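Student: Just run.cif, nothing more (mmCIF, C-alpha atoms):
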data_data
loop_
_atom_site.label_atom_id
_atom_site.label_comp_id
_atom_site.auth_asym_id
_atom_site.auth_seq_id
_atom_site.Cartn_x
_atom_site.Cartn_y
_atom_site.Cartn_z
CA MET A 1 131.35 38.12 111.27
CA ALA A 2 134.45 38.42 109.16
CA TYR A 3 134.65 36.18 106.12
CA PRO A 4 137.59 33.83 105.47
CA GLY A 5 140.91 35.57 105.00
CA TYR A 6 140.11 38.83 106.74
CA GLY A 7 140.01 37.72 110.35
CA GLY A 8 137.61 38.68 113.06
CA GLY A 9 139.89 39.73 115.90
CA PHE A 10 143.42 39.76 117.19
CA GLY A 11 143.17 36.83 119.56
CA ASN A 12 143.18 36.52 123.32
CA PHE A 13 146.85 37.02 124.06
CA SER A 14 148.15 40.17 125.75
CA ILE A 15 148.91 43.19 123.59
CA GLN A 16 151.87 45.40 124.37
CA VAL A 17 151.36 49.15 124.15
CA PRO A 18 154.01 51.89 124.09
CA GLY A 19 155.24 52.93 127.49
CA MET A 20 154.42 49.56 129.07
CA GLN A 21 156.69 46.66 129.89
CA MET A 22 156.06 43.12 128.74
CA GLY A 23 153.88 41.31 131.27
CA GLU A 24 152.08 44.41 132.57
CA PRO A 25 148.27 44.28 132.31
CA VAL A 26 146.73 46.06 129.35
CA PRO A 27 144.31 48.89 130.26
CA GLU A 28 140.68 47.86 130.04
CA THR A 29 139.10 48.49 126.66
CA GLY A 30 135.85 46.57 127.18
CA PRO A 31 135.18 42.94 126.39
CA ALA A 32 137.64 42.86 123.52
CA VAL A 33 140.66 44.85 122.37
CA LEU A 34 139.54 47.18 119.62
CA LEU A 35 141.11 46.93 116.18
CA ASP A 36 141.61 49.51 113.47
CA GLU A 37 140.53 48.80 109.88
CA TYR A 38 143.18 46.10 109.55
CA CYS A 39 143.19 42.58 110.94
CA GLY A 40 146.16 40.93 112.58
CA PHE A 41 147.33 44.27 113.90
CA PRO A 42 146.34 46.14 117.08
CA ALA A 43 145.01 49.66 116.82
CA PHE A 44 147.09 52.32 118.54
CA SER A 45 145.17 54.75 120.70
CA ASP A 46 146.09 58.43 120.74
CA ALA A 47 145.40 58.29 124.48
CA TYR A 48 149.05 57.29 124.93
CA SER A 49 151.13 60.45 125.09
CA SER A 50 154.73 60.67 123.90
CA ALA A 51 155.59 62.61 127.04
CA GLY A 52 157.81 60.39 129.14
CA ASP A 53 157.34 57.59 126.66
CA SER A 54 160.31 55.25 126.39
CA VAL A 55 159.30 54.53 122.79
CA TYR A 56 159.91 58.17 121.90
CA THR A 57 163.33 57.94 123.52
CA TYR A 58 164.25 55.00 121.26
CA PHE A 59 162.88 56.82 118.22
CA SER A 60 164.47 60.21 118.82
CA ALA A 61 167.89 58.71 119.57
CA VAL A 62 168.12 57.41 116.00
CA ALA A 63 165.82 59.56 113.83
CA GLY A 64 167.64 62.06 111.64
CA GLN A 65 166.93 65.75 111.25
CA ASP A 66 163.87 64.92 109.20
CA GLY A 67 162.32 63.27 112.25
CA GLU A 68 161.79 59.96 110.46
CA LEU A 69 163.41 56.53 110.27
CA ASP A 70 164.61 54.91 107.07
CA ALA A 71 165.18 51.14 106.98
CA GLU A 72 168.74 51.26 108.33
CA GLU A 73 167.76 53.69 111.08
CA LEU A 74 164.76 51.54 111.96
CA GLN A 75 166.96 48.47 112.19
CA ARG A 76 169.36 50.31 114.50
CA CYS A 77 166.50 51.70 116.59
CA LEU A 78 164.85 48.30 117.10
CA THR A 79 168.18 46.66 117.88
CA GLN A 80 169.08 49.29 120.47
CA SER A 81 165.64 49.07 122.06
CA GLY A 82 166.07 45.35 122.67
CA ILE A 83 162.54 44.62 121.49
CA SER A 84 163.71 41.33 119.95
CA GLY A 85 164.63 40.09 123.42
CA THR A 86 166.61 36.86 123.17
CA TYR A 87 165.73 36.46 119.50
CA SER A 88 168.02 37.60 116.68
CA PRO A 89 167.75 41.30 115.69
CA PHE A 90 165.57 42.14 112.72
CA SER A 91 167.17 41.96 109.30
CA LEU A 92 167.33 44.99 107.04
CA GLU A 93 164.85 43.37 104.64
CA THR A 94 162.33 42.84 107.43
CA CYS A 95 162.74 46.50 108.40
CA ARG A 96 162.07 47.55 104.80
CA ILE A 97 158.75 45.74 104.69
CA MET A 98 157.82 47.08 108.13
CA ILE A 99 158.15 50.56 106.66
CA ALA A 100 156.16 49.60 103.56
CA MET A 101 153.35 48.31 105.78
CA LEU A 102 152.86 51.65 107.56
CA ASP A 103 154.27 54.28 105.21
CA ARG A 104 150.95 56.03 104.57
CA ASP A 105 152.54 59.28 103.36
CA TYR A 106 154.84 57.42 100.92
CA THR A 107 158.09 58.94 102.16
CA GLY A 108 159.83 55.56 102.41
CA LYS A 109 160.33 56.28 106.11
CA LEU A 110 158.44 56.10 109.39
CA GLY A 111 157.44 59.14 111.43
CA PHE A 112 156.87 58.80 115.15
CA SER A 113 153.14 58.09 114.96
CA GLU A 114 153.81 55.31 112.45
CA PHE A 115 156.63 53.99 114.60
CA LYS A 116 154.29 53.85 117.63
CA GLU A 117 151.92 51.64 115.66
CA LEU A 118 154.78 49.40 114.61
CA TRP A 119 156.00 49.13 118.20
CA ALA A 120 152.57 48.02 119.41
CA ALA A 121 152.32 45.46 116.62
CA LEU A 122 155.80 44.05 117.23
CA ASN A 123 155.12 43.53 120.91
CA ALA A 124 151.80 41.84 120.17
CA TRP A 125 153.40 39.59 117.56
CA LYS A 126 156.19 38.77 119.98
CA GLN A 127 153.68 37.82 122.67
CA ASN A 128 151.82 35.71 120.12
CA PHE A 129 155.06 34.00 119.07
CA MET A 130 155.94 33.12 122.66
CA THR A 131 152.41 31.88 123.30
CA VAL A 132 152.42 29.37 120.46
CA ASP A 133 156.07 28.30 120.86
CA GLN A 134 154.86 25.54 123.14
CA ASP A 135 158.12 23.62 123.29
CA GLY A 136 160.21 26.73 123.99
CA SER A 137 162.44 26.08 120.99
CA GLY A 138 162.62 29.72 119.95
CA THR A 139 160.96 28.81 116.65
CA VAL A 140 157.47 27.89 115.50
CA GLU A 141 156.60 24.88 113.40
CA HIS A 142 153.73 24.22 111.00
CA HIS A 143 151.07 23.47 113.61
CA GLU A 144 152.21 26.35 115.82
CA LEU A 145 152.08 28.81 112.93
CA ARG A 146 148.56 27.65 112.13
CA GLN A 147 147.59 28.38 115.72
CA ALA A 148 149.31 31.78 115.68
CA ILE A 149 147.56 32.87 112.50
CA GLY A 150 144.25 31.73 113.95
CA LEU A 151 144.88 33.80 117.09
CA MET A 152 145.29 36.87 114.88
CA GLY A 153 141.85 36.31 113.44
CA TYR A 154 142.82 35.03 109.99
CA ARG A 155 141.13 31.97 108.55
CA LEU A 156 143.46 30.54 105.93
CA SER A 157 143.26 27.26 104.06
CA PRO A 158 145.68 24.44 104.93
CA GLN A 159 147.24 24.90 101.48
CA THR A 160 147.94 28.58 102.20
CA ILE A 161 149.46 27.76 105.60
CA THR A 162 151.72 25.20 103.92
CA THR A 163 152.79 27.78 101.33
CA ILE A 164 153.65 30.27 104.09
CA VAL A 165 155.67 27.65 105.98
CA LYS A 166 157.66 26.80 102.85
CA ARG A 167 158.38 30.49 102.25
CA TYR A 168 159.46 31.47 105.77
CA SER A 169 160.84 28.32 107.40
CA LYS A 170 164.32 26.90 107.67
CA ASN A 171 164.15 23.10 107.88
CA GLY A 172 160.50 23.36 108.85
CA ARG A 173 161.07 25.91 111.64
CA ILE A 174 160.29 29.62 111.53
CA PHE A 175 162.53 31.96 113.52
CA PHE A 176 161.22 35.17 115.08
CA ASP A 177 162.56 37.55 112.43
CA ASP A 178 160.96 35.51 109.65
CA TYR A 179 157.79 35.16 111.70
CA VAL A 180 157.50 38.95 111.97
CA ALA A 181 158.21 39.30 108.24
CA CYS A 182 155.37 36.84 107.62
CA CYS A 183 153.01 38.81 109.90
CA VAL A 184 153.91 42.08 108.19
CA LYS A 185 153.30 40.71 104.72
CA LEU A 186 150.08 38.95 105.70
CA ARG A 187 148.72 42.11 107.25
CA ALA A 188 149.86 44.40 104.41
CA LEU A 189 148.60 42.21 101.58
CA THR A 190 145.28 41.64 103.36
CA ASP A 191 144.90 45.40 103.72
CA PHE A 192 145.80 45.92 100.04
CA PHE A 193 143.17 43.37 99.00
CA ARG A 194 140.54 44.56 101.45
CA LYS A 195 140.67 48.17 100.29
CA ARG A 196 139.74 46.99 96.79
CA ASP A 197 137.11 44.51 97.89
CA HIS A 198 134.39 47.15 98.26
CA LEU A 199 131.57 44.62 98.62
CA GLN A 200 133.62 42.40 100.98
CA GLN A 201 132.89 39.31 98.95
CA GLY A 202 136.44 37.92 98.91
CA SER A 203 136.88 38.59 95.19
CA VAL A 204 138.66 41.47 93.45
CA ASN A 205 139.63 42.32 89.87
CA PHE A 206 143.11 43.89 89.66
CA MET A 207 144.74 45.95 86.98
CA TYR A 208 148.22 44.55 86.37
CA ASP A 209 150.00 47.78 87.35
CA ASP A 210 147.92 48.11 90.53
CA PHE A 211 148.77 44.52 91.47
CA LEU A 212 152.50 45.12 90.97
CA GLN A 213 152.51 48.35 92.94
CA GLY A 214 150.77 46.70 95.86
CA THR A 215 152.79 43.51 95.99
CA MET A 216 156.25 44.69 94.96
CA ALA A 217 156.28 47.25 97.79
CA ILE A 218 156.08 44.54 100.43
#
Taking this structure as input, can you express it in the form of structure tokens?
Tutor:
Amino acid sequence: MAYPGYGGGFGNFSIQVPGMQMGEPVPETGPAVLLDEYCGFPAFSDAYSSAGDSVYTYFSAVAGQDGELDAEELQRCLTQSGISGTYSPFSLETCRIMIAMLDRDYTGKLGFSEFKELWAALNAWKQNFMTVDQDGSGTVEHHELRQAIGLMGYRLSPQTITTIVKRYSKNGRIFFDDYVACCVKLRALTDFFRKRDHLQQGSVNFMYDDFLQGTMAI
């Protein structure tokens, strides 16, 4: 069982995978959708080929000669794909932290495999957002955010939830772009902490420079 803060699963809502439309059933993966080493983020399976994949079409239409997306290209790609649906397009700052979350080769850009993982996560977060937006307002409030974070497997204190709401809300309401920015940061900072918590005890000693490198990038 996962200890507080690291989550134990991604929740019971549907997860979108590349090449599928919202609302289509997810292929069977057993009793629960498998996760990678991170919580709050669905693992992407290599079983999904880029051949005939609409996600690759979105990516290749915008990626430069280097075959990667910088923040501005990512913003344009996501806007053109319509992944935000009726919600406002993602801001450039949100796109920057999306890249920081998945930029494992430290190029400051996303290659296609990294973009596929982002696409899967965005669709899952969008489904989560719509699930907890019980009044259909297009925003989530304090109690809805608490539910959403719980669905992603995180167990956070009420004080932490309140801090997150203060950071990402406008008049107590969190819009989709800010919600995704919150999910990205929560996932990335949890991963940063978890990699250093070798004994998984929920306690880590940081060097100052290591702390800055990990937090300033997000």
Student: Under the rule that only C-alpha atoms are counted, which of A:Met101, A:Leu74, A:Ile174, A:Leu186 is the nearest residue to A:Ile149?
Tutor: A:Leu186
Student: Calculate how many Å separate atom CA of A:Val204 from atom CA of A:Leu102, rounding to one decimal.
Tutor: 22.5 Å
Student: Name the residues captured by the PyMOL selection byres ((chain A and resi 212-214) around 10) when it is applied to the shown file; answer as a list in words.
Tutor: Ala100, Ala188, Leu189, Asp191, Phe192, Phe193, Phe206, Met207, Tyr208, Asp209, Asp210, Phe211, Thr215, Met216, Ala217 and Ile218 of chain A
Student: Quick one: everything within 9 Å of A:Ala181, counting only C-alpha atoms, minus sequence neighbours fewer than 6 positions away in the same chain. Send it as a CSV table (one decimal) with C-alpha atoms, in the coordinates of the input.
Tutor:
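Full text of selection_7.csv as output:
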chain,number,residue,atom,x,y,z
A,93,GLU,CA,164.8,43.4,104.6
A,94,THR,CA,162.3,42.8,107.4
A,95,CYS,CA,162.7,46.5,108.4
A,97,ILE,CA,158.8,45.7,104.7
A,98,MET,CA,157.8,47.1,108.1
A,168,TYR,CA,159.5,31.5,105.8
Student: Env of A:Trp125: 8 Å cut, atoms = all atoms listed in the file, seq-sep filter 4 positions within chain, self excluded. Answer as a PyMOL selection string.
Tutor: chain A and resi 121+129+180+183
Student: Nearest to A:Trp119: which of A:Val140, A:Arg76, A:Ser81, A:Arg146 is it, counting all atoms listed in the file?
Tutor: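 That would be A:Ser81, the residue with the smallest distance to A:Trp119.
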Student: From the list A:Thr107, A:His142, A:Arg196, A:Phe176, which residue is nearest A:Ile161 when using only C-alpha atoms?
Tutor: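 Using only C-alpha atoms, the shortest distance to A:Ile161 belongs to A:His142.
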Student: If you apply the PyMOL selection byres ((chain A and resi 131) around 12) to this file, what residues do you get, as an NGL selection string?
Tutor: :A and (11-15 or 124-130 or 132-140 or 144-145 or 147-149 or 151)
Student: Name the residues that the PyMOL selection byres ((chain A and resi 111) around 7) picks from the file above, as a ChimeraX atom specification, using the file's chain letters and numbers.
Tutor: /A:67-69,109-110,112-115
Student: For a test of reading the model, state the distance in Å between atom CA of A:Leu78 and atom CA of A:Phe90, rounded to one decimal.
Tutor: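 Spanning atom CA of A:Leu78 to atom CA of A:Phe90 is a straight-line distance of 7.6 Å.
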Student: Taking the point (168.1, 49.4, 121.0) as given in the file, collect each protein or nucleic acid residue that comes within 12 Å of it, counting all atoms listed in the file, and present the set as a list in words.
Tutor: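 Counting all atoms listed in the file, I find these residues within 12 Å of (168.1, 49.4, 121.0): Ser54, Val55, Thr57, Tyr58, Phe59, Ser60, Ala61, Val62, Glu73, Leu74, Gln75, Arg76, Cys77, Leu78, Thr79, Gln80, Ser81, Gly82, Ile83, Ser84, Gly85, Pro89 and Phe90 of chain A.
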Student: Give me, please, the distance in Å between atom CA of A:Tyr87 and atom CA of A:Asn123, quoted to one decimal.
Tutor: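 Answer for the atom CA of A:Tyr87 to atom CA of A:Asn123 separation: 12.8 Å.
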Student: Which of these, A:Leu122, A:Thr86, A:Arg167, A:Ser91, has the shortest distance to A:Glu72 once you count only C-alpha atoms?
Tutor: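 Using only C-alpha atoms, A:Glu72 sits closest to A:Ser91.
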Student: Using only C-alpha atoms, which residue out of A:Ile99, A:Tyr56, A:Asn205, A:Ala63 lies closest to A:Val184?
Tutor: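 Nearest to A:Val184: A:Ile99.
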